[in-house]
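What's in model.txt: compact mmCIF, C-alpha atoms and all ligand atoms
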```txt
# COMPACT_ATOMS: atom_id res chain seq x y z
CA MET M 1 99.22 -40.69 -144.95
CA LYS M 2 101.57 -42.51 -142.55
CA ASP M 3 104.55 -40.45 -143.64
CA ALA M 4 102.71 -37.13 -143.50
CA THR M 5 104.37 -36.07 -140.26
CA ARG M 6 107.84 -36.28 -141.82
CA PHE M 7 107.08 -33.18 -143.83
CA HIS M 8 106.78 -29.51 -143.18
CA TYR M 9 103.99 -27.82 -145.06
CA ASP M 10 103.44 -24.69 -147.09
CA ILE M 11 99.74 -24.08 -146.53
CA ILE M 12 97.80 -22.23 -149.22
CA ALA M 13 94.10 -21.34 -149.17
CA ASP M 14 91.56 -20.28 -151.77
CA ILE M 15 93.12 -19.82 -155.24
CA HIS M 16 89.84 -19.55 -157.20
CA GLY M 17 91.58 -19.92 -160.55
CA ARG M 18 94.27 -17.30 -159.97
CA HIS M 19 97.04 -19.45 -161.45
CA ASP M 20 99.12 -16.30 -161.96
CA LYS M 21 99.23 -15.71 -158.19
CA LEU M 22 99.86 -19.41 -157.50
CA VAL M 23 102.91 -19.51 -159.78
CA ALA M 24 104.29 -16.33 -158.20
CA LEU M 25 103.78 -17.68 -154.69
CA LEU M 26 105.32 -21.09 -155.41
CA ALA M 27 108.39 -19.36 -156.86
CA ARG M 28 108.78 -17.28 -153.71
CA LEU M 29 108.44 -20.47 -151.64
CA GLY M 30 111.36 -22.01 -153.54
CA TYR M 31 109.34 -24.50 -155.60
CA GLU M 32 110.93 -25.24 -158.96
CA HIS M 33 109.16 -26.38 -162.12
CA ASP M 34 110.99 -29.42 -163.49
CA GLY M 35 109.12 -29.56 -166.80
CA THR M 36 106.34 -31.73 -165.36
CA GLY M 37 105.29 -29.78 -162.30
CA PHE M 38 106.32 -27.74 -159.31
CA VAL M 39 108.73 -29.50 -156.94
CA PRO M 40 109.04 -28.32 -153.34
CA PRO M 41 112.30 -27.85 -151.47
CA ALA M 42 113.47 -31.05 -149.72
CA GLY M 43 111.36 -32.06 -146.73
CA ARG M 44 108.47 -29.80 -147.65
CA ARG M 45 105.09 -30.24 -149.30
CA ALA M 46 102.24 -27.94 -150.19
CA LEU M 47 98.89 -28.24 -148.43
CA PHE M 48 96.00 -26.71 -150.36
CA LEU M 49 92.91 -25.85 -148.34
CA GLY M 50 90.38 -26.10 -151.21
CA ASP M 51 88.51 -23.70 -153.50
CA LEU M 52 90.92 -24.09 -156.39
CA ILE M 53 88.10 -23.30 -158.84
CA ASP M 54 85.29 -20.80 -159.48
CA PRO M 55 86.82 -17.37 -160.02
CA LYS M 56 84.85 -14.44 -158.71
CA PRO M 57 82.91 -12.82 -161.57
CA GLY M 58 85.05 -9.98 -162.89
CA ASN M 59 88.25 -11.55 -161.60
CA ARG M 60 88.75 -14.28 -164.13
CA THR M 61 92.03 -14.95 -165.87
CA PRO M 62 91.20 -17.04 -168.95
CA GLY M 63 92.59 -20.56 -168.59
CA GLY M 64 93.39 -19.91 -164.95
CA VAL M 65 91.11 -22.56 -163.48
CA ARG M 66 92.36 -25.30 -165.77
CA ALA M 67 95.98 -24.30 -165.17
CA THR M 68 95.43 -24.21 -161.39
CA LEU M 69 93.81 -27.65 -161.39
CA GLU M 70 96.58 -29.10 -163.56
CA ALA M 71 99.36 -27.62 -161.43
CA VAL M 72 97.84 -28.75 -158.15
CA LYS M 73 96.82 -32.24 -159.32
CA THR M 74 100.29 -32.83 -160.76
CA MET M 75 101.83 -31.95 -157.41
CA HIS M 76 99.28 -34.15 -155.66
CA ASP M 77 99.92 -37.11 -157.98
CA ARG M 78 103.67 -36.86 -157.37
CA GLY M 79 103.36 -36.69 -153.58
CA HIS M 80 104.34 -33.01 -153.50
CA ALA M 81 101.01 -31.74 -152.18
CA LEU M 82 98.00 -32.62 -150.09
CA VAL M 83 94.72 -31.18 -151.29
CA LEU M 84 91.50 -30.63 -149.35
CA MET M 85 88.00 -30.14 -150.66
CA GLY M 86 86.52 -26.65 -150.53
CA ASN M 87 82.88 -25.74 -150.78
CA HIS M 88 83.38 -24.89 -154.46
CA GLU M 89 84.71 -28.37 -155.28
CA LEU M 90 81.71 -29.80 -153.39
CA ILE M 91 79.18 -27.71 -155.29
CA ALA M 92 80.91 -28.45 -158.59
CA VAL M 93 80.57 -32.19 -157.98
CA HIS M 94 76.92 -31.68 -157.02
CA TYR M 95 76.35 -29.48 -160.09
CA HIS M 96 77.55 -32.21 -162.46
CA THR M 97 75.89 -35.19 -160.76
CA PRO M 98 72.35 -36.22 -161.80
CA GLY M 99 70.07 -36.47 -158.76
CA ARG M 100 67.88 -39.39 -157.78
CA LYS M 101 64.86 -37.14 -157.19
CA THR M 102 65.97 -33.97 -158.96
CA LYS M 103 67.62 -33.40 -162.33
CA TRP M 104 70.92 -32.42 -160.70
CA LEU M 105 72.22 -32.54 -157.14
CA ARG M 106 72.79 -28.80 -157.46
CA HIS M 107 70.14 -26.81 -159.27
CA HIS M 108 71.29 -25.19 -162.53
CA GLY M 109 69.56 -21.87 -161.80
CA SER M 110 71.02 -18.56 -162.91
CA ARG M 111 72.70 -17.81 -159.59
CA ASN M 112 74.45 -21.20 -159.40
CA LYS M 113 75.41 -20.98 -163.08
CA LYS M 114 77.00 -17.59 -162.48
CA THR M 115 79.06 -18.93 -159.55
CA HIS M 116 80.44 -21.76 -161.69
CA LYS M 117 80.72 -20.01 -165.06
CA GLY M 118 84.38 -19.03 -164.81
CA THR M 119 85.28 -22.70 -164.30
CA LEU M 120 83.13 -24.05 -167.12
CA ASP M 121 84.50 -21.43 -169.52
CA ASP M 122 87.86 -23.21 -169.15
CA PHE M 123 86.26 -26.59 -169.92
CA PRO M 124 84.10 -26.13 -173.01
CA ASP M 125 83.70 -29.92 -173.22
CA HIS M 126 82.12 -30.17 -169.77
CA ARG M 127 78.98 -31.90 -171.06
CA ASP M 128 80.92 -34.52 -173.05
CA PRO M 129 80.85 -37.84 -171.12
CA ALA M 130 84.27 -38.67 -172.64
CA GLY M 131 85.71 -35.19 -172.04
CA ASP M 132 88.37 -34.19 -169.51
CA TRP M 133 85.97 -32.47 -167.18
CA LEU M 134 83.79 -35.50 -166.50
CA THR M 135 86.47 -38.19 -166.83
CA ILE M 136 89.35 -36.52 -164.95
CA TRP M 137 88.37 -33.45 -162.97
CA VAL M 138 85.03 -34.35 -161.42
CA PRO M 139 86.33 -37.80 -160.34
CA TRP M 140 89.47 -36.17 -158.90
CA MET M 141 87.46 -33.63 -156.91
CA LYS M 142 85.31 -36.48 -155.56
CA ARG M 143 88.42 -38.11 -154.08
CA LEU M 144 89.58 -35.06 -152.11
CA PRO M 145 89.54 -35.42 -148.32
CA ILE M 146 87.17 -33.19 -146.35
CA PHE M 147 89.68 -32.50 -143.57
CA LEU M 148 93.14 -33.58 -142.42
CA ASP M 149 94.61 -34.09 -138.98
CA LEU M 150 98.35 -34.44 -139.54
CA GLY M 151 99.25 -34.56 -135.87
CA GLY M 152 101.19 -31.31 -135.67
CA ILE M 153 98.60 -29.37 -137.66
CA ARG M 154 94.97 -29.66 -138.66
CA ALA M 155 93.35 -28.34 -141.80
CA VAL M 156 89.83 -27.89 -143.11
CA HIS M 157 88.25 -25.45 -145.54
CA ALA M 158 86.09 -23.52 -143.03
CA THR M 159 85.26 -25.02 -139.61
CA TRP M 160 86.98 -27.50 -137.29
CA HIS M 161 83.80 -28.96 -135.81
CA PRO M 162 84.60 -32.23 -133.98
CA GLU M 163 81.12 -33.81 -134.11
CA HIS M 164 80.60 -33.04 -137.79
CA LEU M 165 84.13 -34.18 -138.64
CA ALA M 166 83.48 -37.48 -136.82
CA LEU M 167 80.45 -38.04 -139.05
CA LEU M 168 82.46 -37.23 -142.21
CA ALA M 169 85.68 -39.06 -141.25
CA GLY M 170 86.89 -41.52 -143.84
CA ARG M 171 84.14 -40.61 -146.31
CA THR M 172 84.64 -39.23 -149.80
CA LEU M 173 82.21 -38.22 -152.54
CA GLU M 174 83.31 -41.33 -154.46
CA ASP M 175 80.80 -43.17 -152.27
CA ASP M 176 77.62 -42.57 -154.23
CA ASP M 177 75.20 -42.85 -151.31
CA PHE M 178 77.33 -40.43 -149.29
CA LEU M 179 77.57 -38.05 -152.25
CA HIS M 180 73.79 -37.96 -152.62
CA ALA M 181 73.30 -37.59 -148.86
CA THR M 182 75.60 -34.52 -148.77
CA ALA M 183 73.44 -32.65 -151.28
CA ASP M 184 70.48 -32.27 -148.90
CA LYS M 185 70.72 -30.35 -145.65
CA ALA M 186 67.86 -32.47 -144.31
CA ASN M 187 70.46 -35.25 -143.95
CA PRO M 188 73.09 -35.26 -141.18
CA GLU M 189 75.76 -35.62 -143.90
CA GLY M 190 74.42 -32.50 -145.66
CA THR M 191 74.36 -30.46 -142.45
CA ALA M 192 77.83 -31.62 -141.47
CA ILE M 193 79.57 -31.02 -144.79
CA GLU M 194 77.98 -27.60 -145.17
CA ALA M 195 79.12 -26.47 -141.71
CA VAL M 196 82.63 -27.82 -142.25
CA LEU M 197 83.12 -26.42 -145.78
CA LYS M 198 81.01 -23.23 -145.60
CA GLY M 199 81.28 -22.21 -141.98
CA ILE M 200 78.97 -21.85 -139.05
CA GLU M 201 76.18 -19.42 -139.86
CA ILE M 202 74.71 -17.73 -136.80
CA PRO M 203 71.14 -16.42 -137.02
CA LEU M 204 70.53 -12.77 -136.28
CA PRO M 205 67.80 -12.04 -133.72
CA ALA M 206 64.37 -13.08 -134.97
CA GLY M 207 63.26 -11.43 -138.19
CA MET M 208 66.44 -9.42 -138.71
CA HIS M 209 68.67 -9.47 -141.75
CA PHE M 210 71.60 -7.54 -143.16
CA LEU M 211 72.59 -6.73 -146.73
CA ASP M 212 75.78 -8.49 -147.80
CA HIS M 213 78.30 -7.05 -150.28
CA THR M 214 76.14 -8.24 -153.20
CA GLY M 215 73.05 -6.53 -151.76
CA THR M 216 71.46 -9.87 -150.86
CA ALA M 217 69.45 -9.87 -147.61
CA ARG M 218 70.84 -12.48 -145.23
CA PRO M 219 69.37 -13.64 -141.92
CA ASN M 220 72.64 -15.33 -140.83
CA PHE M 221 76.23 -14.25 -140.51
CA ARG M 222 79.55 -16.11 -140.68
CA ALA M 223 81.02 -16.29 -137.22
CA ARG M 224 84.30 -16.72 -135.38
CA TRP M 225 83.41 -20.33 -134.64
CA TRP M 226 86.62 -20.88 -132.64
CA GLU M 227 85.53 -18.44 -129.92
CA ALA M 228 83.65 -19.30 -126.73
CA PRO M 229 81.07 -16.50 -126.80
CA ALA M 230 80.53 -14.80 -123.45
CA ALA M 231 76.98 -14.22 -122.23
CA GLU M 232 75.48 -11.07 -123.80
CA VAL M 233 78.12 -11.01 -126.54
CA LEU M 234 77.02 -8.95 -129.54
CA CYS M 235 76.55 -10.29 -133.06
CA ARG M 236 78.87 -7.57 -134.31
CA ASP M 237 81.68 -8.90 -132.11
CA LEU M 238 81.40 -12.42 -133.50
CA VAL M 239 81.00 -11.83 -137.22
CA PHE M 240 84.01 -12.85 -139.30
CA PRO M 241 85.50 -10.99 -141.03
CA ALA M 242 84.51 -7.88 -139.06
CA ASN M 243 81.45 -6.20 -140.60
CA ASP M 244 79.74 -3.07 -139.29
CA ALA M 245 76.57 -4.01 -141.18
CA ILE M 246 75.94 -6.62 -138.48
CA PRO M 247 73.84 -5.16 -135.66
CA ALA M 248 75.23 -4.58 -132.18
CA LEU M 249 72.56 -6.83 -130.67
CA PRO M 250 73.07 -9.81 -128.37
CA VAL M 251 73.50 -13.22 -129.97
CA ALA M 252 70.47 -15.43 -129.37
CA PRO M 253 71.24 -17.84 -126.49
CA GLU M 254 70.60 -20.90 -128.67
CA ALA M 255 73.08 -19.58 -131.26
CA ALA M 256 75.82 -19.62 -128.64
CA THR M 257 75.67 -23.43 -128.71
CA MET M 258 76.70 -23.43 -132.39
CA PHE M 259 80.26 -22.28 -131.70
CA ARG M 260 83.04 -24.81 -131.37
CA PRO M 261 85.60 -23.13 -129.11
CA TYR M 262 89.00 -24.32 -130.26
CA PRO M 263 91.11 -25.55 -127.32
CA ALA M 264 94.10 -23.37 -126.49
CA ASP M 265 96.39 -26.43 -126.28
CA ALA M 266 95.24 -28.04 -129.57
CA PRO M 267 97.57 -28.13 -132.61
CA PRO M 268 97.35 -25.18 -134.98
CA VAL M 269 94.34 -25.37 -137.30
CA PHE M 270 94.41 -23.73 -140.74
CA VAL M 271 91.34 -22.75 -142.74
CA GLY M 272 90.59 -20.68 -145.84
CA HIS M 273 87.19 -19.61 -147.15
CA TYR M 274 86.45 -16.36 -145.32
CA PHE M 275 87.72 -13.64 -147.69
CA LYS M 276 89.60 -11.58 -145.17
CA PRO M 277 90.01 -8.02 -146.50
CA ALA M 278 92.84 -7.62 -149.01
CA ASP M 279 94.66 -5.31 -146.59
CA ALA M 280 94.20 -7.55 -143.53
CA PRO M 281 97.43 -7.95 -141.55
CA LEU M 282 99.30 -11.23 -142.06
CA LEU M 283 98.39 -12.55 -138.64
CA PRO M 284 96.55 -15.56 -137.25
CA GLU M 285 93.20 -15.16 -135.53
CA ARG M 286 94.70 -16.76 -132.42
CA HIS M 287 97.95 -18.48 -131.49
CA ASN M 288 96.55 -21.75 -132.95
CA VAL M 289 93.86 -20.64 -135.44
CA ALA M 290 94.71 -19.06 -138.79
CA VAL M 291 92.41 -18.10 -141.66
CA LEU M 292 94.66 -17.95 -144.73
CA ASP M 293 92.15 -16.62 -147.29
CA HIS M 294 93.22 -13.01 -147.82
CA SER M 295 90.96 -12.50 -150.88
CA ALA M 296 93.36 -13.66 -153.60
CA ALA M 297 90.20 -14.29 -155.64
CA LYS M 298 89.64 -10.54 -155.66
CA ASP M 299 92.37 -7.95 -155.18
CA GLY M 300 94.14 -9.54 -152.21
CA PRO M 301 97.38 -11.50 -151.95
CA LEU M 302 97.64 -15.27 -152.24
CA VAL M 303 99.19 -16.20 -148.90
CA ALA M 304 101.23 -19.18 -147.73
CA TYR M 305 101.92 -20.15 -144.16
CA ARG M 306 105.26 -21.96 -143.94
CA TRP M 307 104.83 -24.48 -141.14
CA ASN M 308 108.12 -25.75 -139.79
CA GLY M 309 106.81 -27.92 -136.97
CA GLU M 310 105.91 -25.19 -134.49
CA ALA M 311 102.97 -25.57 -132.07
CA THR M 312 102.24 -21.83 -132.05
CA ILE M 313 101.54 -19.96 -135.28
CA ASN M 314 104.41 -17.61 -136.04
CA PRO M 315 103.53 -14.37 -137.90
CA HIS M 316 107.01 -14.40 -139.47
CA HIS M 317 106.09 -17.57 -141.39
CA TYR M 318 103.56 -15.83 -143.62
CA LEU M 319 104.51 -15.13 -147.23
CA THR M 320 102.51 -13.43 -150.01
CA HIS M 321 102.68 -13.99 -153.77
CA ALA M 322 103.95 -10.42 -154.37
MN MN M 401 85.20 -21.36 -149.74
```
Show this structure as structure tokens.
Ligand SMILES: [Mn+2]
Amino acid sequence: MKDATRFHYDIIADIHGRHDKLVALLARLGYEHDGTGFVPPAGRRALFLGDLIDPKPGNRTPGGVRATLEAVKTMHDRGHALVLMGNHELIAVHYHTPGRKTKWLRHHGSRNKKTHKGTLDDFPDHRDPAGDWLTIWVPWMKRLPIFLDLGGIRAVHATWHPEHLALLAGRTLEDDDFLHATADKANPEGTAIEAVLKGIEIPLPAGMHFLDHTGTARPNFRARWWEAPAAEVLCRDLVFPANDAIPALPVAPEAATMFRPYPADAPPVFVGHYFKPADAPLLPERHNVAVLDHSAAKDGPLVAYRWNGEATINPHHYLTHA
């Protein structure tokens, strides 16, 4: 990674198997396919923020997950891209790893199966110990870094949380003890990787819940972790993306300690994960915090942020696949 600062980066968040949108976006960014893979313009590289896999049910393009993985890994192998782990790569590795106390590190219940089905449909040999899925793709996902600090920019799938990142620094899922530790939230490694890859979840006031878009009752909401919540701030003001289903009630005082206010003078940090509405403006959350997931997995655009070395995120550097 010593040479990482020589490059400018085209930063791309959650693809979720939408290879069609990826190809369109790379073309608009000036990447050319040389017969082996996509090649960036001189001096540039792609930086993928994770969640390459697991299409949303109803939004699957057959073959799209395999084609996305192949395109991104080829770029990665040739030094044309950096790739971070998303929560879906983490849960895929857990799903396919036998546990020490349980059958699998991630339970194969109907809900988890449904989340992962669109990926496995592209890899019908996923149970074959000699097949591509278990010999190439799961080992590759295990090697992905959990976060990157490139000096001029920082990147992580969901939350830049300094204490958790310190615990996870230098670790990968290739380390079997670490891998097993990450699968249980009772372990510090499990707590840390979940917060970093899935976001900070703030509890609603005692006993309350809200119904999410799937109709599931949830006692916690995803929050604007980069904010420093003022006293008496309302849950509804801190939920991200904005959601009127969250009550206009004060955040519990202990929940306020879960935020990790991002310093105003820190390098820009880029995250994905949060499914901003498809019609959300192409703008950062703050001058140095940008969530680049604009719901490409559903009906939104796949977005790139073209970083050219600037210390303040520039709205003119956003580009969409169409
Ligand atoms: Mn995600």
Self-check item: Shell around Leu165 of chain M at 8 Å using all atoms listed in the file, local window under 4 positions removed, as a VMD selection string
Solution: chain M and resid 147 160 to 161 169 192 196
Output C-alpha atoms for every residue in that selection, as a JSON list (two decimals), keeping the file's coordinate frame.
```
[["chain", "number", "residue", "atom", "x", "y", "z"],
["M", 147, "PHE", "CA", 89.68, -32.50, -143.57],
["M", 160, "TRP", "CA", 86.98, -27.50, -137.29],
["M", 161, "HIS", "CA", 83.80, -28.96, -135.81],
["M", 169, "ALA", "CA", 85.68, -39.06, -141.25],
["M", 192, "ALA", "CA", 77.83, -31.62, -141.47],
["M", 196, "VAL", "CA", 82.63, -27.82, -142.25]]
```
Show me, as a Markdown table, the residues of chain M having an atom within 6 Å of ligand MN 401 (chain M), each with the closest atom pair and its distance in Å, using all atoms listed in the file.
```
| residue | atom | partner | partner_atom | distance |
| --- | --- | --- | --- | --- |
| M:Asp51 | CA | M:MN401 | MN | 5.5 |
| M:Gly86 | CA | M:MN401 | MN | 5.5 |
| M:Asn87 | CA | M:MN401 | MN | 5.1 |
| M:His273 | CA | M:MN401 | MN | 3.7 |
```
Quiz item: Can you list, as a list in words, every protein, DNA or RNA residue that comes within 8 Å of His88 of chain M when you count all atoms listed in the file, leaving out same-chain residues fewer than 6 positions away?
Solution: Gly50, Asp51, Leu52, Ile53 and Asp54 of chain M
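Among the candidates M:Pro250, M:Gly190, M:Gly99, M:Pro261, the residue lying nearest to Phe178 of chain M is M:Gly190 (atoms considered: only C-alpha atoms).
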Quiz item: Which polymer residues have any atom within 8 Å of an atom of Glu174 of chain M, counting only C-alpha atoms, with same-chain residues fewer than 6 positions away left out, as a PyMOL selection string?
Solution: chain M and resi 139+142-143
Quiz item: Which residues, written as a ChimeraX atom specification, have at least one atom at most 10 Å from Gly64 of chain M, with all atoms listed in the file counted and residues fewer than 3 positions away on the same chain left out?
Solution: /M:15-22,52-55,60-61,67-70,118-119,122
Quiz item: What's the 10 Å shell around segment 123-132 of chain M, counting all atoms listed in the file, without same-chain residues fewer than 5 positions away, as a VMD selection string?
Solution: chain M and resid 63 65 to 66 96 117 to 118 137 to 138
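The smallest atom-to-atom distance between Asn314 of chain M and any of M:Trp140, M:Leu211, M:Asn288, M:Thr159, using all atoms listed in the file, is found for M:Asn288.
Distance check against Lys101 of chain M using only C-alpha atoms: of M:Asp175, M:Asp184, M:Asp279, M:Glu163, the minimum falls on M:Asp184.
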Hey, could you patch up segment 189-219 of chain M with N, CA and C atoms and hand it over as a PDB file, in the coordinates of the input?
```
ATOM      1  N   GLU M 189      74.553 -35.803-143.071  1.00  0.00           N
ATOM      2  CA  GLU M 189      75.760 -35.620-143.900  1.00  0.00           C
ATOM      3  C   GLU M 189      75.743 -34.254-144.583  1.00  0.00           C
ATOM      4  N   GLY M 190      74.548 -33.807-144.998  1.00  0.00           N
ATOM      5  CA  GLY M 190      74.420 -32.500-145.660  1.00  0.00           C
ATOM      6  C   GLY M 190      74.676 -31.365-144.687  1.00  0.00           C
ATOM      7  N   THR M 191      74.136 -31.473-143.489  1.00  0.00           N
ATOM      8  CA  THR M 191      74.360 -30.460-142.450  1.00  0.00           C
ATOM      9  C   THR M 191      75.830 -30.391-142.093  1.00  0.00           C
ATOM     10  N   ALA M 192      76.436 -31.576-141.925  1.00  0.00           N
ATOM     11  CA  ALA M 192      77.830 -31.620-141.470  1.00  0.00           C
ATOM     12  C   ALA M 192      78.766 -31.047-142.524  1.00  0.00           C
ATOM     13  N   ILE M 193      78.601 -31.468-143.775  1.00  0.00           N
ATOM     14  CA  ILE M 193      79.570 -31.020-144.790  1.00  0.00           C
ATOM     15  C   ILE M 193      79.403 -29.530-145.056  1.00  0.00           C
ATOM     16  N   GLU M 194      78.177 -29.035-144.954  1.00  0.00           N
ATOM     17  CA  GLU M 194      77.980 -27.600-145.170  1.00  0.00           C
ATOM     18  C   GLU M 194      78.654 -26.785-144.062  1.00  0.00           C
ATOM     19  N   ALA M 195      78.508 -27.217-142.823  1.00  0.00           N
ATOM     20  CA  ALA M 195      79.120 -26.470-141.710  1.00  0.00           C
ATOM     21  C   ALA M 195      80.648 -26.496-141.813  1.00  0.00           C
ATOM     22  N   VAL M 196      81.181 -27.641-142.213  1.00  0.00           N
ATOM     23  CA  VAL M 196      82.630 -27.820-142.250  1.00  0.00           C
ATOM     24  C   VAL M 196      83.260 -27.076-143.433  1.00  0.00           C
ATOM     25  N   LEU M 197      82.562 -27.056-144.574  1.00  0.00           N
ATOM     26  CA  LEU M 197      83.120 -26.420-145.780  1.00  0.00           C
ATOM     27  C   LEU M 197      82.650 -24.979-145.975  1.00  0.00           C
ATOM     28  N   LYS M 198      81.515 -24.593-145.384  1.00  0.00           N
ATOM     29  CA  LYS M 198      81.010 -23.230-145.600  1.00  0.00           C
ATOM     30  C   LYS M 198      81.006 -22.382-144.343  1.00  0.00           C
ATOM     31  N   GLY M 199      81.219 -22.987-143.209  1.00  0.00           N
ATOM     32  CA  GLY M 199      81.280 -22.210-141.980  1.00  0.00           C
ATOM     33  C   GLY M 199      79.992 -22.299-141.192  1.00  0.00           C
ATOM     34  N   ILE M 200      80.121 -21.893-139.943  1.00  0.00           N
ATOM     35  CA  ILE M 200      78.970 -21.850-139.050  1.00  0.00           C
ATOM     36  C   ILE M 200      78.237 -20.539-139.314  1.00  0.00           C
ATOM     37  N   GLU M 201      76.962 -20.630-139.608  1.00  0.00           N
ATOM     38  CA  GLU M 201      76.180 -19.420-139.860  1.00  0.00           C
ATOM     39  C   GLU M 201      75.252 -19.191-138.675  1.00  0.00           C
ATOM     40  N   ILE M 202      75.442 -18.050-138.023  1.00  0.00           N
ATOM     41  CA  ILE M 202      74.710 -17.730-136.800  1.00  0.00           C
ATOM     42  C   ILE M 202      73.497 -16.863-137.170  1.00  0.00           C
ATOM     43  N   PRO M 203      72.306 -17.243-136.699  1.00  0.00           N
ATOM     44  CA  PRO M 203      71.140 -16.420-137.020  1.00  0.00           C
ATOM     45  C   PRO M 203      71.157 -15.094-136.263  1.00  0.00           C
ATOM     46  N   LEU M 204      70.764 -14.043-136.948  1.00  0.00           N
ATOM     47  CA  LEU M 204      70.530 -12.770-136.280  1.00  0.00           C
ATOM     48  C   LEU M 204      69.259 -12.907-135.431  1.00  0.00           C
ATOM     49  N   PRO M 205      69.052 -11.985-134.503  1.00  0.00           N
ATOM     50  CA  PRO M 205      67.800 -12.040-133.720  1.00  0.00           C
ATOM     51  C   PRO M 205      66.583 -12.112-134.655  1.00  0.00           C
ATOM     52  N   ALA M 206      65.539 -12.721-134.162  1.00  0.00           N
ATOM     53  CA  ALA M 206      64.370 -13.080-134.970  1.00  0.00           C
ATOM     54  C   ALA M 206      63.944 -11.967-135.924  1.00  0.00           C
ATOM     55  N   GLY M 207      63.805 -12.347-137.191  1.00  0.00           N
ATOM     56  CA  GLY M 207      63.260 -11.430-138.190  1.00  0.00           C
ATOM     57  C   GLY M 207      64.268 -10.451-138.769  1.00  0.00           C
ATOM     58  N   MET M 208      65.473 -10.416-138.218  1.00  0.00           N
ATOM     59  CA  MET M 208      66.440  -9.420-138.710  1.00  0.00           C
ATOM     60  C   MET M 208      67.245  -9.969-139.878  1.00  0.00           C
ATOM     61  N   HIS M 209      67.747  -9.072-140.699  1.00  0.00           N
ATOM     62  CA  HIS M 209      68.670  -9.470-141.750  1.00  0.00           C
ATOM     63  C   HIS M 209      69.644  -8.322-141.982  1.00  0.00           C
ATOM     64  N   PHE M 210      70.690  -8.609-142.744  1.00  0.00           N
ATOM     65  CA  PHE M 210      71.600  -7.540-143.160  1.00  0.00           C
ATOM     66  C   PHE M 210      71.846  -7.707-144.651  1.00  0.00           C
ATOM     67  N   LEU M 211      72.302  -6.650-145.301  1.00  0.00           N
ATOM     68  CA  LEU M 211      72.590  -6.730-146.730  1.00  0.00           C
ATOM     69  C   LEU M 211      74.073  -7.043-146.902  1.00  0.00           C
ATOM     70  N   ASP M 212      74.369  -8.144-147.595  1.00  0.00           N
ATOM     71  CA  ASP M 212      75.780  -8.490-147.800  1.00  0.00           C
ATOM     72  C   ASP M 212      76.360  -7.644-148.943  1.00  0.00           C
ATOM     73  N   HIS M 213      77.618  -7.903-149.294  1.00  0.00           N
ATOM     74  CA  HIS M 213      78.300  -7.050-150.280  1.00  0.00           C
ATOM     75  C   HIS M 213      77.657  -7.122-151.660  1.00  0.00           C
ATOM     76  N   THR M 214      76.835  -8.159-151.911  1.00  0.00           N
ATOM     77  CA  THR M 214      76.140  -8.240-153.200  1.00  0.00           C
ATOM     78  C   THR M 214      74.745  -7.615-153.123  1.00  0.00           C
ATOM     79  N   GLY M 215      74.373  -7.113-151.922  1.00  0.00           N
ATOM     80  CA  GLY M 215      73.050  -6.530-151.760  1.00  0.00           C
ATOM     81  C   GLY M 215      71.980  -7.557-151.434  1.00  0.00           C
ATOM     82  N   THR M 216      72.410  -8.812-151.201  1.00  0.00           N
ATOM     83  CA  THR M 216      71.460  -9.870-150.860  1.00  0.00           C
ATOM     84  C   THR M 216      71.143  -9.805-149.356  1.00  0.00           C
ATOM     85  N   ALA M 217      69.855  -9.883-149.020  1.00  0.00           N
ATOM     86  CA  ALA M 217      69.450  -9.870-147.610  1.00  0.00           C
ATOM     87  C   ALA M 217      69.744 -11.224-146.990  1.00  0.00           C
ATOM     88  N   ARG M 218      70.468 -11.220-145.883  1.00  0.00           N
ATOM     89  CA  ARG M 218      70.840 -12.480-145.230  1.00  0.00           C
ATOM     90  C   ARG M 218      70.426 -12.473-143.760  1.00  0.00           C
ATOM     91  N   PRO M 219      69.795 -13.558-143.320  1.00  0.00           N
ATOM     92  CA  PRO M 219      69.370 -13.640-141.920  1.00  0.00           C
ATOM     93  C   PRO M 219      70.461 -14.209-141.006  1.00  0.00           C
TER      94      PRO M 219
END
```
